[in-house]
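Student: Sending over a structure as structure tokens; questions will come in a sec.
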Amino acid sequence: MTATRTEHRDKIADARNVLGEVIARARFAGETTVLMNRGKEAAVIVPFDFYERALEALGETAVPAATKS
């Protein structure tokens, strides 16, 4: 059986204005938000567990970026 996931699509500027809501949808409802820039997909906000499973499925490891001093 294939699982389905609710997907929202928002312009980046619109998502910026309600970023807390976008994050809450990912964190608590497991919903993704596709960020659109000039009508094209630019990025996706996904639940953290989804991100971890994607890395594992791809055989990749996240490496923290260097912090600015």
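The way I read the labels, and the way they are meant: chains A, B, ... in the order of the structure tokens, residue 1 as the first residue of every chain, and ligand 1 as the first ligand shown, with later ones counted on from there.
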As a tab-separated table (two decimals) with C-alpha atoms, in the first residue's frame, please: the residues near range 9-23 of chain A (cut-off 9 Å, only C-alpha atoms, same-chain neighbours under 3 positions excluded).

Tutor:
chain	number	residue	atom	x	y	z
A	26	ALA	CA	5.71	19.88	8.95
A	27	ARG	CA	6.45	19.20	12.61
A	28	PHE	CA	3.04	18.32	13.98
A	31	GLU	CA	2.79	17.88	5.89
A	32	THR	CA	5.25	19.16	3.32
A	33	THR	CA	5.36	22.64	1.81
A	34	VAL	CA	6.84	23.24	-1.63
A	35	LEU	CA	8.32	26.73	-1.83
A	36	MET	CA	7.72	28.34	-5.20
A	37	ASN	CA	9.88	31.03	-6.83
A	38	ARG	CA	8.50	32.62	-10.00
A	39	GLY	CA	6.20	29.65	-10.53
A	41	GLU	CA	9.68	24.66	-7.33
A	42	ALA	CA	12.63	26.02	-5.35
A	45	ILE	CA	10.06	22.04	3.92
A	46	VAL	CA	9.52	18.50	5.19
A	47	PRO	CA	9.13	16.87	8.60

Student: Taking the backbone alone, and naming residues the way the document does, which bits of chain A are strand (DSSP E) by DSSP, as a PyMOL selection string?

Tutor: chain A and resi 7-11+32-37+40-45
